[in-house]
file run-v7.txt (compact mmCIF, C-alpha atoms)
# COMPACT_ATOMS: atom_id res chain seq x y z
CA MET P 27 -123.53 164.81 95.44
CA LYS P 28 -121.79 168.20 95.60
CA ALA P 29 -123.78 171.36 96.15
CA THR P 30 -123.78 173.54 93.10
CA HIS P 31 -125.39 176.72 94.37
CA ARG P 32 -127.89 178.21 96.75
CA ILE P 33 -129.86 181.25 95.71
CA ILE P 34 -131.86 183.47 97.99
CA ASN P 35 -133.54 186.51 96.46
CA PHE P 36 -135.08 189.12 98.76
CA SER P 37 -136.82 191.32 96.21
CA PHE P 38 -139.36 193.36 98.14
CA ILE P 39 -142.47 194.20 96.17
CA VAL P 40 -142.92 197.87 95.35
CA LEU P 41 -146.47 198.61 94.28
CA ALA P 42 -147.46 200.64 91.24
CA VAL P 43 -144.13 200.66 89.44
CA ILE P 44 -143.46 197.11 88.30
CA SER P 45 -145.11 194.53 86.11
CA ILE P 46 -146.16 191.64 88.28
CA ALA P 47 -145.28 188.27 86.76
CA GLY P 48 -148.44 186.51 87.64
CA CYS P 49 -150.81 185.52 84.90
CA ALA P 50 -150.50 182.64 82.47
CA ASN P 51 -152.46 184.56 79.83
CA PRO P 52 -150.20 187.30 78.38
CA SER P 53 -153.01 189.10 76.57
CA TYR P 54 -153.53 191.39 79.56
CA LYS P 55 -150.19 192.99 78.67
CA LYS P 56 -151.32 193.60 75.10
CA HIS P 57 -154.41 195.41 76.33
CA TYR P 58 -152.16 197.45 78.62
CA ALA P 59 -149.79 198.33 75.76
CA ASP P 60 -152.73 199.32 73.56
CA ALA P 61 -154.11 201.46 76.38
CA VAL P 62 -150.80 203.29 76.81
CA ALA P 63 -150.72 203.98 73.06
CA TYR P 64 -154.25 205.40 73.15
CA ALA P 65 -153.40 207.52 76.19
CA SER P 66 -150.33 208.96 74.48
CA GLN P 67 -152.63 210.07 71.64
CA GLY P 68 -155.02 211.70 74.10
CA ASN P 69 -157.74 209.04 73.65
CA LEU P 70 -158.19 208.53 77.39
CA GLU P 71 -161.70 207.08 77.25
CA ILE P 72 -160.60 204.31 74.88
CA ALA P 73 -157.42 203.87 76.91
CA ASN P 74 -159.41 203.34 80.08
CA LYS P 75 -161.49 200.66 78.40
CA GLU P 76 -158.29 198.84 77.44
CA PHE P 77 -156.86 199.16 80.95
CA LYS P 78 -160.07 197.66 82.33
CA ARG P 79 -159.98 194.85 79.75
CA SER P 80 -156.47 194.10 80.93
CA LEU P 81 -157.78 193.88 84.49
CA GLU P 82 -160.64 191.58 83.45
CA ILE P 83 -157.93 189.08 82.48
CA TYR P 84 -155.60 189.69 85.42
CA ARG P 85 -157.06 191.94 88.09
CA PHE P 86 -153.78 192.29 90.02
CA PHE P 87 -151.77 193.91 87.20
CA ARG P 88 -150.56 197.05 88.95
CA PRO P 89 -149.78 199.30 85.95
CA SER P 90 -153.32 198.87 84.63
CA ILE P 91 -154.81 199.35 88.09
CA ARG P 92 -152.94 202.57 88.65
CA SER P 93 -153.52 203.96 85.14
CA SER P 94 -157.25 203.29 85.35
CA GLU P 95 -157.40 204.90 88.80
CA ILE P 96 -155.81 208.04 87.41
CA ILE P 97 -158.32 208.32 84.57
CA ASP P 98 -161.17 207.73 87.01
CA ASP P 99 -159.73 210.49 89.22
CA MET P 100 -159.65 212.80 86.19
CA ASN P 101 -163.32 212.06 85.59
CA GLN P 102 -164.01 213.04 89.20
CA GLY P 103 -162.11 216.31 88.82
CA LYS P 104 -159.14 215.35 91.02
CA ILE P 105 -156.56 215.79 88.25
CA GLU P 106 -156.51 217.72 84.98
CA ARG P 107 -156.77 215.92 81.66
CA GLU P 108 -153.46 217.24 80.34
CA THR P 109 -151.69 215.82 83.41
CA VAL P 110 -153.03 212.29 82.95
CA ALA P 111 -150.91 211.54 79.89
CA LEU P 112 -147.77 212.56 81.81
CA PHE P 113 -148.71 210.25 84.66
CA ILE P 114 -149.44 207.28 82.42
CA LYS P 115 -146.19 207.90 80.59
CA GLY P 116 -144.39 207.75 83.93
CA ILE P 117 -146.09 204.48 84.81
CA SER P 118 -145.11 203.06 81.43
CA TYR P 119 -141.48 204.07 82.02
CA ALA P 120 -141.53 202.46 85.45
CA ASN P 121 -143.06 199.29 84.02
CA GLN P 122 -140.06 199.17 81.66
CA ARG P 123 -137.75 199.75 84.66
CA LEU P 124 -136.74 203.16 83.32
CA PHE P 125 -137.05 204.72 86.73
CA LYS P 126 -135.16 207.98 86.17
CA GLN P 127 -137.47 208.80 83.27
CA ALA P 128 -140.46 207.82 85.40
CA ILE P 129 -139.33 210.16 88.18
CA ASN P 130 -139.09 213.03 85.71
CA GLU P 131 -142.66 212.44 84.53
CA TYR P 132 -144.02 212.10 88.07
CA SER P 133 -142.26 215.34 89.04
CA LEU P 134 -144.07 217.13 86.22
CA VAL P 135 -147.35 215.69 87.49
CA ILE P 136 -146.58 216.99 90.98
CA GLU P 137 -145.82 220.45 89.56
CA ASN P 138 -149.24 220.43 87.89
CA SER P 139 -151.14 218.76 90.76
CA PRO P 140 -149.28 219.36 94.05
CA GLU P 141 -152.18 218.04 96.16
CA TYR P 142 -152.47 214.71 94.33
CA ALA P 143 -151.31 211.97 96.72
CA LEU P 144 -151.01 209.32 94.04
CA ALA P 145 -148.27 211.26 92.28
CA TYR P 146 -146.08 211.36 95.39
CA GLU P 147 -146.67 207.68 96.06
CA SER P 148 -145.70 206.77 92.50
CA ARG P 149 -142.56 208.92 92.54
CA GLY P 150 -141.62 207.48 95.93
CA SER P 151 -141.94 203.99 94.50
CA ALA P 152 -139.58 204.90 91.67
CA TYR P 153 -137.11 206.43 94.13
CA ILE P 154 -136.99 203.08 95.93
CA GLU P 155 -135.91 201.42 92.70
CA THR P 156 -133.07 203.95 92.29
CA GLY P 157 -131.97 203.41 95.89
CA GLU P 158 -132.91 206.93 97.00
CA TYR P 159 -134.71 205.82 100.14
CA ASP P 160 -134.84 209.14 101.98
CA LEU P 161 -136.43 210.85 98.97
CA ALA P 162 -138.87 207.94 98.75
CA ILE P 163 -139.84 208.23 102.41
CA ASN P 164 -140.37 211.97 102.03
CA ASP P 165 -142.76 211.34 99.13
CA PHE P 166 -144.65 208.63 101.00
CA ASN P 167 -144.95 210.92 104.03
CA THR P 168 -146.50 213.57 101.80
CA ALA P 169 -148.86 211.05 100.20
CA ILE P 170 -150.01 209.84 103.63
CA THR P 171 -150.47 213.40 104.87
CA LEU P 172 -152.65 214.14 101.86
CA GLU P 173 -154.50 210.81 102.07
CA PRO P 174 -154.19 209.17 105.52
CA GLN P 175 -155.97 205.97 104.43
CA PHE P 176 -153.53 205.33 101.56
CA SER P 177 -152.63 201.70 102.28
CA GLU P 178 -150.23 201.32 99.34
CA ALA P 179 -148.17 204.29 100.53
CA TYR P 180 -147.67 202.50 103.85
CA VAL P 181 -146.56 199.31 102.09
CA ASN P 182 -144.05 201.15 99.95
CA ARG P 183 -142.76 203.28 102.79
CA GLY P 184 -142.16 200.00 104.59
CA VAL P 185 -140.05 198.82 101.67
CA ALA P 186 -138.04 202.05 101.84
CA TYR P 187 -137.48 201.48 105.56
CA VAL P 188 -136.19 197.98 104.75
CA GLY P 189 -133.74 199.63 102.34
CA LYS P 190 -132.45 201.62 105.31
CA SER P 191 -132.43 198.49 107.54
CA GLN P 192 -135.13 200.03 109.74
CA TYR P 193 -137.06 196.81 110.08
CA GLU P 194 -139.31 197.72 113.01
CA LEU P 195 -140.59 200.77 111.16
CA ALA P 196 -141.16 198.60 108.09
CA MET P 197 -143.22 196.12 110.09
CA GLN P 198 -145.30 198.92 111.57
CA ASP P 199 -146.10 200.20 108.08
CA TYR P 200 -146.96 196.75 106.74
CA GLN P 201 -149.28 196.20 109.70
CA LYS P 202 -150.92 199.58 109.16
CA ALA P 203 -151.46 198.72 105.48
CA ILE P 204 -153.14 195.44 106.46
CA GLU P 205 -155.40 197.27 108.92
CA LEU P 206 -156.45 199.68 106.16
CA ASP P 207 -156.82 197.01 103.47
CA PRO P 208 -156.63 193.35 104.56
CA ASN P 209 -156.97 192.26 100.91
CA LEU P 210 -153.73 193.88 99.75
CA ASP P 211 -151.63 190.78 99.13
CA PHE P 212 -148.32 192.63 98.84
CA SER P 213 -148.46 193.64 102.50
CA TYR P 214 -148.27 189.96 103.42
CA VAL P 215 -145.65 189.23 100.74
CA ASN P 216 -143.36 191.93 102.09
CA PHE P 217 -143.98 190.80 105.65
CA GLY P 218 -142.92 187.34 104.50
CA LEU P 219 -139.79 188.63 102.80
CA LEU P 220 -138.79 190.55 105.90
CA TYR P 221 -139.34 187.53 108.13
CA GLN P 222 -137.39 185.39 105.66
CA LYS P 223 -134.55 187.91 105.67
CA GLN P 224 -134.44 187.50 109.45
CA ASN P 225 -134.58 183.69 109.13
CA GLN P 226 -138.01 183.47 110.76
CA LEU P 227 -139.11 180.98 108.15
CA GLU P 228 -142.37 179.72 109.64
CA LYS P 229 -143.66 183.29 109.93
CA ALA P 230 -142.52 183.97 106.39
CA ILE P 231 -144.39 180.94 105.06
CA HIS P 232 -147.51 181.93 106.98
CA ASN P 233 -147.51 185.38 105.38
CA TYR P 234 -146.84 184.03 101.88
CA THR P 235 -149.77 181.67 102.34
CA LEU P 236 -152.02 184.57 103.37
CA ALA P 237 -150.92 186.44 100.24
CA LEU P 238 -151.63 183.44 98.01
CA ASN P 239 -155.09 183.09 99.54
CA ILE P 240 -155.77 186.57 98.14
CA ASN P 241 -153.87 186.28 94.86
CA GLY P 242 -153.09 182.71 93.85
CA ARG P 243 -151.64 183.76 90.48
CA ASN P 244 -148.50 185.52 91.63
CA ALA P 245 -145.52 183.42 90.61
CA ASP P 246 -143.05 185.28 92.81
CA THR P 247 -145.05 184.54 95.94
CA TYR P 248 -144.93 180.81 95.21
CA TYR P 249 -141.21 181.17 94.52
CA ASN P 250 -140.55 182.98 97.80
CA ARG P 251 -142.54 180.42 99.76
CA ALA P 252 -140.65 177.63 98.00
CA ASN P 253 -137.33 179.14 99.09
CA ALA P 254 -138.51 179.31 102.70
CA LEU P 255 -139.78 175.72 102.59
CA ARG P 256 -136.47 174.61 101.10
CA ASP P 257 -134.56 176.28 103.92
CA LEU P 258 -136.74 174.41 106.42
CA GLY P 259 -135.84 171.14 104.70
CA LYS P 260 -139.36 170.63 103.33
CA TYR P 261 -138.09 169.80 99.88
CA ASP P 262 -141.17 168.12 98.40
CA LEU P 263 -143.34 171.09 99.37
CA ALA P 264 -140.70 173.44 97.98
CA ILE P 265 -140.73 171.59 94.65
CA ARG P 266 -144.50 171.89 94.53
CA ASP P 267 -144.29 175.66 94.92
CA TYR P 268 -141.49 176.00 92.37
CA ASN P 269 -143.71 174.01 90.00
CA GLU P 270 -146.56 176.46 90.55
CA ALA P 271 -144.29 179.45 89.97
CA ILE P 272 -143.03 177.98 86.70
CA LYS P 273 -146.54 177.03 85.60
CA ILE P 274 -147.52 180.70 85.93
CA ASN P 275 -144.33 182.18 84.46
CA ARG P 276 -141.92 180.00 82.49
CA ASP P 277 -139.45 182.78 81.75
CA VAL P 278 -137.67 183.33 85.08
CA ALA P 279 -134.26 181.68 85.32
CA ALA P 280 -134.12 181.75 89.13
CA TYR P 281 -137.20 179.54 89.37
CA TYR P 282 -135.43 176.78 87.44
CA SER P 283 -132.11 177.33 89.20
CA ASN P 284 -133.57 176.94 92.67
CA ARG P 285 -135.77 174.00 91.73
CA GLY P 286 -132.77 172.41 90.04
CA ASN P 287 -130.69 172.86 93.19
CA VAL P 288 -133.31 171.07 95.29
CA HIS P 289 -133.64 168.24 92.79
CA LEU P 290 -129.90 167.83 92.30
CA VAL P 291 -128.45 168.46 95.76
CA LYS P 292 -131.22 167.85 98.26
CA LEU P 293 -133.24 165.07 96.64
CA GLY P 294 -130.55 163.38 94.56
CA HIS P 295 -132.42 163.66 91.25
CA PRO P 296 -129.60 164.52 88.80
CA ILE P 297 -131.67 164.19 85.63
CA MET P 298 -134.37 166.62 86.76
CA GLY P 299 -131.86 168.87 88.50
CA CYS P 300 -129.57 169.20 85.50
CA LEU P 301 -132.49 169.76 83.17
CA ASP P 302 -133.62 172.66 85.35
CA LEU P 303 -130.13 174.16 85.39
CA GLN P 304 -129.98 173.82 81.61
CA ASN P 305 -133.33 175.62 81.31
CA ALA P 306 -132.03 178.39 83.55
CA CYS P 307 -128.99 178.67 81.28
CA LYS P 308 -131.24 179.01 78.24
CA LEU P 309 -132.83 181.96 80.01
CA GLY P 310 -129.44 183.59 80.51
CA GLU P 311 -128.34 182.28 83.92
CA CYS P 312 -125.58 179.78 83.10
CA LYS P 313 -123.10 179.97 85.97
CA TYR P 314 -124.89 177.35 88.06
CA TYR P 315 -125.16 174.87 85.22
CA ASN P 316 -121.53 175.48 84.26
CA ALA P 317 -120.44 174.93 87.87
CA ALA P 318 -122.38 171.66 88.01
CA VAL P 319 -120.72 170.48 84.79
CA ARG P 320 -117.25 171.35 86.13
CA LYS P 321 -117.98 169.32 89.27
CA ASN P 322 -119.32 166.40 87.20
CA ASP P 323 -122.72 166.80 88.82
CA CYS P 324 -124.28 167.22 85.34
call {"tool": "encode", "arguments": {"input": "run-v7.txt", "output": "structure tokens"}}
result
Amino acid sequence: MKATHRIINFSFIVLAVISIAGCANPSYKKHYADAVAYASQGNLEIANKEFKRSLEIYRFFRPSIRSSEIIDDMNQGKIERETVALFIKGISYANQRLFKQAINEYSLVIENSPEYALAYESRGSAYIETGEYDLAINDFNTAITLEPQFSEAYVNRGVAYVGKSQYELAMQDYQKAIELDPNLDFSYVNFGLLYQKQNQLEKAIHNYTLALNINGRNADTYYNRANALRDLGKYDLAIRDYNEAIKINRDVAAYYSNRGNVHLVKLGHPIMGCLDLQNACKLGECKYYNAAVRKNDC
């Protein structure tokens, strides 16, 4: 059997700016969308109820967590009411991967509330997504200066250090984040990704497992662990984790592509492997299926 492809994705998790693909029940996203609409109309009390309803369904959904935190901070007098809508608009942009627009909104928040650590952390997270790592690190430094116990700022600064290939600094920040908040699963996920990038697969798997013990509904963590297990030759365990990832989120082409590769190439299961590659193609990733067809593997 000829190998068709081998995919490795090292997508480090940046907190507070992305929608985590993790929950089988999509209604949490509807509550989030409703909350953003209410917030844009100035109905922040109703918006906060919708953000919290979203979190009752999936408590790890970062955009709802962050938006609710901001409204709670407003209620405690940490940020002005008129600034909250700007912030939530920025989060909504980031959740749609419109990072330049998000940065513009966060910058307005910082102009209005220059002592608000959360604004710097959020803008820094968006800068990571645009590849502006030095600007990101500057923002995270400011956030940590304003709020030294800000565990998420350490995680995200670690991601920025990875972007600059400063891996030791990244590990120090991930470790600091764990010391501050041992229940922050993304610290362990990013530790795992960094170990996997350095081909320290057993350490990567250990950290993914720690993350899943905290949040067992994150599809990407199962997917990352599956890739590490595959690279160790533990194909049956890898298939099990790909299955879990797909059970949680059926709309990610890479999950099917990598599971298909293991079935087709490593385990010699052409029917299951080709079906997976076909499913990946239906989701827009066709090159691996087309390559398998050209090689008469499918």
call {"tool": "residues_around", "arguments": {"input": "run-v7.txt", "residues": "segment 212-224 of chain P", "least_positions_apart": "3", "cutoff": "10 Å", "atoms": "only C-alpha atoms", "output": "compact mmCIF listing (two decimals) with C-alpha atoms, in the coordinates of the input"}}
result
# COMPACT_ATOMS: atom_id res chain seq x y z
CA ILE P 34 -131.86 183.47 97.99
CA ASN P 35 -133.54 186.51 96.46
CA PHE P 36 -135.08 189.12 98.76
CA SER P 37 -136.82 191.32 96.21
CA PHE P 38 -139.36 193.36 98.14
CA ILE P 39 -142.47 194.20 96.17
CA VAL P 40 -142.92 197.87 95.35
CA LEU P 41 -146.47 198.61 94.28
CA SER P 177 -152.63 201.70 102.28
CA GLU P 178 -150.23 201.32 99.34
CA TYR P 180 -147.67 202.50 103.85
CA VAL P 181 -146.56 199.31 102.09
CA ASN P 182 -144.05 201.15 99.95
CA GLY P 184 -142.16 200.00 104.59
CA VAL P 185 -140.05 198.82 101.67
CA VAL P 188 -136.19 197.98 104.75
CA TYR P 193 -137.06 196.81 110.08
CA ALA P 196 -141.16 198.60 108.09
CA MET P 197 -143.22 196.12 110.09
CA ASP P 199 -146.10 200.20 108.08
CA TYR P 200 -146.96 196.75 106.74
CA GLN P 201 -149.28 196.20 109.70
CA LYS P 202 -150.92 199.58 109.16
CA ALA P 203 -151.46 198.72 105.48
CA ILE P 204 -153.14 195.44 106.46
CA ASP P 207 -156.82 197.01 103.47
CA PRO P 208 -156.63 193.35 104.56
CA ASN P 209 -156.97 192.26 100.91
CA LEU P 227 -139.11 180.98 108.15
CA GLU P 228 -142.37 179.72 109.64
CA LYS P 229 -143.66 183.29 109.93
CA ALA P 230 -142.52 183.97 106.39
CA ILE P 231 -144.39 180.94 105.06
CA HIS P 232 -147.51 181.93 106.98
CA ASN P 233 -147.51 185.38 105.38
CA TYR P 234 -146.84 184.03 101.88
CA THR P 235 -149.77 181.67 102.34
CA LEU P 236 -152.02 184.57 103.37
CA ALA P 237 -150.92 186.44 100.24
CA LEU P 238 -151.63 183.44 98.01
CA ILE P 240 -155.77 186.57 98.14
CA ASN P 241 -153.87 186.28 94.86
CA ASP P 246 -143.05 185.28 92.81
CA THR P 247 -145.05 184.54 95.94
CA ASN P 250 -140.55 182.98 97.80
CA ARG P 251 -142.54 180.42 99.76
CA ASN P 253 -137.33 179.14 99.09
CA ALA P 254 -138.51 179.31 102.70
CA ASP P 257 -134.56 176.28 103.92
call {"tool": "residues_around", "arguments": {"input": "run-v7.txt", "residues": "Ala179 of chain P", "least_positions_apart": "4", "cutoff": "6 Å", "atoms": "all atoms listed in the file", "output": "list in words"}}
result
Glu147, Phe166 and Arg183 of chain P
call {"tool": "closest_residue", "arguments": {"input": "run-v7.txt", "among": "P:Ser118, P:Phe86, P:Ala65, P:Glu173", "to": "Gly242 of chain P", "atoms": "only C-alpha atoms"}}
result
P:Phe86
call {"tool": "atom_distance", "arguments": {"input": "run-v7.txt", "atom1": "atom CA of Ile129 of chain P", "atom2": "atom CA of Ile96 of chain P"}}
result
16.6 Å
call {"tool": "atom_distance", "arguments": {"input": "run-v7.txt", "atom1": "atom CA of Gly310 of chain P", "atom2": "atom CA of Arg285 of chain P"}}
result
16.1 Å
call {"tool": "atom_distance", "arguments": {"input": "run-v7.txt", "atom1": "atom CA of Glu155 of chain P", "atom2": "atom CA of Lys104 of chain P"}}
result
27.1 Å
call {"tool": "residues_near_point", "arguments": {"input": "run-v7.txt", "point": "(-135.3, 205.3, 103.5)", "cutoff": "8 Å", "atoms": "all atoms listed in the file", "output": "CSV table (one decimal) with C-alpha atoms, keeping the file's coordinate frame"}}
result
chain,number,residue,atom,x,y,z
P,158,GLU,CA,-132.9,206.9,97.0
P,159,TYR,CA,-134.7,205.8,100.1
P,160,ASP,CA,-134.8,209.1,102.0
P,161,LEU,CA,-136.4,210.8,99.0
P,162,ALA,CA,-138.9,207.9,98.8
P,163,ILE,CA,-139.8,208.2,102.4
P,183,ARG,CA,-142.8,203.3,102.8
P,186,ALA,CA,-138.0,202.0,101.8
P,187,TYR,CA,-137.5,201.5,105.6
P,188,VAL,CA,-136.2,198.0,104.8
P,189,GLY,CA,-133.7,199.6,102.3
P,190,LYS,CA,-132.4,201.6,105.3
call {"tool": "residues_around", "arguments": {"input": "run-v7.txt", "residues": "Tyr142 of chain P", "least_positions_apart": "5", "cutoff": "12 Å", "atoms": "all atoms listed in the file", "output": "PyMOL selection string"}}
result
chain P and resi 96+99-100+103-106+109-110+113+132-137+147-149+165-166+168-173+176
call {"tool": "write_last_selection", "arguments": {"input": "run-v7.txt", "atoms": "C-alpha atoms", "output": "PDB file, in the coordinates of the input"}}
result
ATOM      1  CA  ILE P  96    -155.810 208.040  87.410  1.00  0.00           C
ATOM      2  CA  ASP P  99    -159.730 210.490  89.220  1.00  0.00           C
ATOM      3  CA  MET P 100    -159.650 212.800  86.190  1.00  0.00           C
ATOM      4  CA  GLY P 103    -162.110 216.310  88.820  1.00  0.00           C
ATOM      5  CA  LYS P 104    -159.140 215.350  91.020  1.00  0.00           C
ATOM      6  CA  ILE P 105    -156.560 215.790  88.250  1.00  0.00           C
ATOM      7  CA  GLU P 106    -156.510 217.720  84.980  1.00  0.00           C
ATOM      8  CA  THR P 109    -151.690 215.820  83.410  1.00  0.00           C
ATOM      9  CA  VAL P 110    -153.030 212.290  82.950  1.00  0.00           C
ATOM     10  CA  PHE P 113    -148.710 210.250  84.660  1.00  0.00           C
ATOM     11  CA  TYR P 132    -144.020 212.100  88.070  1.00  0.00           C
ATOM     12  CA  SER P 133    -142.260 215.340  89.040  1.00  0.00           C
ATOM     13  CA  LEU P 134    -144.070 217.130  86.220  1.00  0.00           C
ATOM     14  CA  VAL P 135    -147.350 215.690  87.490  1.00  0.00           C
ATOM     15  CA  ILE P 136    -146.580 216.990  90.980  1.00  0.00           C
ATOM     16  CA  GLU P 137    -145.820 220.450  89.560  1.00  0.00           C
ATOM     17  CA  GLU P 147    -146.670 207.680  96.060  1.00  0.00           C
ATOM     18  CA  SER P 148    -145.700 206.770  92.500  1.00  0.00           C
ATOM     19  CA  ARG P 149    -142.560 208.920  92.540  1.00  0.00           C
ATOM     20  CA  ASP P 165    -142.760 211.340  99.130  1.00  0.00           C
ATOM     21  CA  PHE P 166    -144.650 208.630 101.000  1.00  0.00           C
ATOM     22  CA  THR P 168    -146.500 213.570 101.800  1.00  0.00           C
ATOM     23  CA  ALA P 169    -148.860 211.050 100.200  1.00  0.00           C
ATOM     24  CA  ILE P 170    -150.010 209.840 103.630  1.00  0.00           C
ATOM     25  CA  THR P 171    -150.470 213.400 104.870  1.00  0.00           C
ATOM     26  CA  LEU P 172    -152.650 214.140 101.860  1.00  0.00           C
ATOM     27  CA  GLU P 173    -154.500 210.810 102.070  1.00  0.00           C
ATOM     28  CA  PHE P 176    -153.530 205.330 101.560  1.00  0.00           C
TER      29      PHE P 176
END
call {"tool": "closest_residue", "arguments": {"input": "run-v7.txt", "among": "P:Tyr282, P:Tyr58, P:Tyr249, P:Tyr314", "to": "Asp302 of chain P", "atoms": "all atoms listed in the file"}}
result
P:Tyr282
call {"tool": "closest_residue", "arguments": {"input": "run-v7.txt", "among": "P:Leu206, P:Ile114, P:Val278, P:Val288", "to": "Ala264 of chain P", "atoms": "all atoms listed in the file"}}
result
P:Val288
call {"tool": "closest_residue", "arguments": {"input": "run-v7.txt", "among": "P:Gln67, P:Asn244, P:Ser151, P:Leu124", "to": "Tyr84 of chain P", "atoms": "all atoms listed in the file"}}
result
P:Asn244
call {"tool": "closest_residue", "arguments": {"input": "run-v7.txt", "among": "P:Glu71, P:Arg320, P:Asp277, P:Leu290", "to": "Lys308 of chain P", "atoms": "all atoms listed in the file"}}
result
P:Asp277
call {"tool": "build_atoms", "arguments": {"input": "run-v7.txt", "residues": "segment 224-237 of chain P", "atoms": "N, CA and C atoms", "output": "mmCIF file, keeping the file's coordinate frame"}}
result
data_model
loop_
_atom_site.group_PDB
_atom_site.id
_atom_site.type_symbol
_atom_site.label_atom_id
_atom_site.label_comp_id
_atom_site.auth_asym_id
_atom_site.auth_seq_id
_atom_site.Cartn_x
_atom_site.Cartn_y
_atom_site.Cartn_z
ATOM 1 N N GLN P 224 -134.860 187.667 108.061
ATOM 2 C CA GLN P 224 -134.440 187.500 109.450
ATOM 3 C C GLN P 224 -134.438 186.037 109.883
ATOM 4 N N ASN P 225 -134.606 185.135 108.912
ATOM 5 C CA ASN P 225 -134.580 183.690 109.130
ATOM 6 C C ASN P 225 -135.707 183.198 110.032
ATOM 7 N N GLN P 226 -136.808 183.928 110.061
ATOM 8 C CA GLN P 226 -138.010 183.470 110.760
ATOM 9 C C GLN P 226 -138.922 182.820 109.720
ATOM 10 N N LEU P 227 -138.559 181.599 109.348
ATOM 11 C CA LEU P 227 -139.110 180.980 108.150
ATOM 12 C C LEU P 227 -140.577 180.582 108.302
ATOM 13 N N GLU P 228 -140.963 180.102 109.453
ATOM 14 C CA GLU P 228 -142.370 179.720 109.640
ATOM 15 C C GLU P 228 -143.279 180.936 109.498
ATOM 16 N N LYS P 229 -142.870 182.069 110.071
ATOM 17 C CA LYS P 229 -143.660 183.290 109.930
ATOM 18 C C LYS P 229 -143.684 183.759 108.482
ATOM 19 N N ALA P 230 -142.560 183.596 107.799
ATOM 20 C CA ALA P 230 -142.520 183.970 106.390
ATOM 21 C C ALA P 230 -143.505 183.148 105.581
ATOM 22 N N ILE P 231 -143.492 181.839 105.796
ATOM 23 C CA ILE P 231 -144.390 180.940 105.060
ATOM 24 C C ILE P 231 -145.841 181.276 105.350
ATOM 25 N N HIS P 232 -146.143 181.573 106.608
ATOM 26 C CA HIS P 232 -147.510 181.930 106.980
ATOM 27 C C HIS P 232 -147.975 183.161 106.200
ATOM 28 N N ASN P 233 -147.128 184.161 106.088
ATOM 29 C CA ASN P 233 -147.510 185.380 105.380
ATOM 30 C C ASN P 233 -147.606 185.153 103.869
ATOM 31 N N TYR P 234 -146.718 184.344 103.306
ATOM 32 C CA TYR P 234 -146.840 184.030 101.880
ATOM 33 C C TYR P 234 -148.151 183.296 101.603
ATOM 34 N N THR P 235 -148.525 182.420 102.516
ATOM 35 C CA THR P 235 -149.770 181.670 102.340
ATOM 36 C C THR P 235 -150.977 182.618 102.397
ATOM 37 N N LEU P 236 -150.948 183.572 103.312
ATOM 38 C CA LEU P 236 -152.020 184.570 103.370
ATOM 39 C C LEU P 236 -152.101 185.349 102.060
ATOM 40 N N ALA P 237 -150.943 185.708 101.517
ATOM 41 C CA ALA P 237 -150.920 186.440 100.240
ATOM 42 C C ALA P 237 -151.489 185.592 99.116
#
